[in-house]
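Participant: Can you keep this structure in mind? I'll have questions shortly.
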Amino acid sequence: MCDHDFPAPQRRGRGKSRFDDDEPYLLKRGRHPEPVLAEPDDEPDPEDSWSSWDEAVHGPEPHPGWLVTELAARDTELGVLKTGKEADVHLVRRAVPDTDRSCLLAAKRYRDAQHRLFHRDAGYLEGRRVRRSRENRAMAGRTAFGRQMIAGQWAAAEFAALARLWEIGADSGRIAVPYPVQLLGTELMLEFVGDAEEGQAAPRLAQLRPAGAELRDLWEQLVDALVVLARAGYAHGDLSPYNLLVHRGRLVMIDLPQVVDVVANPQGPEFLARDVRVVGTWFTARGLPAGDADPAELTGLLLREAGIR
């Protein structure tokens, strides 16, 4: 993003409840590498490319004022924000030459068919179908063509979910996600969340040690966001402190390629329940009173919001 503020979250009442720390191993995974950005004097010097805006599917309208949409703009690679098994995220500056029009974008590029795709992808893909049987067979058999189809589905699913959630968040202020700028093949361009002047990405929740009122505020923001997700028919599917950013006190949800349709996917309620357990464990381990949230109670609330119970 070009350093604008997310809307303040709206608050809802909370009942007293308790969390059970019954899945701590999910938080013992290795840490993701820290963002690596090029220093101004050490930036790579590849030939700039023209903006791909005119070739891509665009995010919701009206487009934010900070977004550069001019066809004369050029995209310049600045460095790597994050690497992963399924996709890498690069920092890109989009600017109109000889003007002050520019913005920073996060370009998420899903791996090609020769690389490993999303772990446990079969479970996540349940409920997602393409119309033609050839594509369905290829995806089920994990052929090279099928793997490419799956990669395209991850990008398209994340783009669609972000677009819907961004619109809901703009209206309600109860969920914050990066603005989905554009989708082109298996590349998803997103709003850069962080300090645009310094090119410093916002920290992940896992990097912070909030306590007291700050911890409670972040928890309430998270519950609000989960309720919004459930009402939209979604579970994040892989929620953890590593895919929640904190920017100017606002919790921002990221990494939604594996977003699960909790109604169409038979495993949807299980994915939702696991999301609740993982983030709840993190919060209670850092001082959130155990009586303030119960995983079964919160999961039941979210399933009711999704229309399942």
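Following the order of the structure tokens, chains are lettered A, B, ..., residues in each are numbered from 1, and ligands are numbered from 1.
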Please provide the set of residues having any atom within 12 Å of A:Glu167, restricted to only C-alpha atoms, with same-chain residues fewer than 6 positions apart removed, written as an MDAnalysis selection string.
Facilitator: chainID A and resid 7 59:64 160:161 173:180 228 232
Participant: Could you check which of A:Ala230, A:Ala155, A:Val259, A:Ala264 is closest to A:Leu302, using only C-alpha atoms?
Facilitator: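 Looking only at the distances to A:Leu302, the closest residue turns out to be A:Ala230.
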Participant: Write out as a list in words each polymer residue whose atoms come within 8 Å of stretch 283-287 of chain A, counting only C-alpha atoms; drop sequence neighbours fewer than 4 positions from it.
Facilitator: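 Those residues are Phe19, Arg209, Pro210, Ala211, Gly212, Leu215, Trp219 and Val279 of chain A.
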Participant: Could you tell me, as a PyMOL selection string, which residues of stretch 202-290 of chain A DSSP assigns to helix (DSSP H, G or I) when given the backbone?
Facilitator: chain A and resi 205-207+212-231+241-243+268-285
Participant: Pick from A:Val278, A:Ala163, A:Gly249, A:Asp238: nearest to A:Asp217, with only C-alpha atoms counted?
Facilitator: A:Gly249
Participant: Rounded to one decimal in Å, what is the spacing between atom CA of A:Leu71 and atom CA of A:Ser51?
Facilitator: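 Atom CA of A:Ser51 lies 6.5 Å from atom CA of A:Leu71.
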Participant: For stretch 181-196 of chain A, list every protein, DNA or RNA residue within 8 Å, evaluated using only C-alpha atoms, and leave out those in the same chain fewer than 3 positions away; present the list as a PyMOL selection string.
Facilitator: chain A and resi 1-3+53+55-59+91+103-111+151-152+155-156+159+178+199-202+247
Participant: For a test of reading the model, state the distance in Å between atom CA of A:Ile308 and atom CA of A:Val260, rounded to one decimal.
Facilitator: 13.9 Å
Participant: Quick check for you: according to DSSP on this backbone, which residues of stretch 76-309 of chain A are classed as strand (DSSP E or B)? Reply as number ranges by chain.
Facilitator: A: 76-82, 87-95, 102-110, 180-184, 187-191, 194-195, 200-201, 204, 234-235, 244-247, 250-253, 260-261, 292
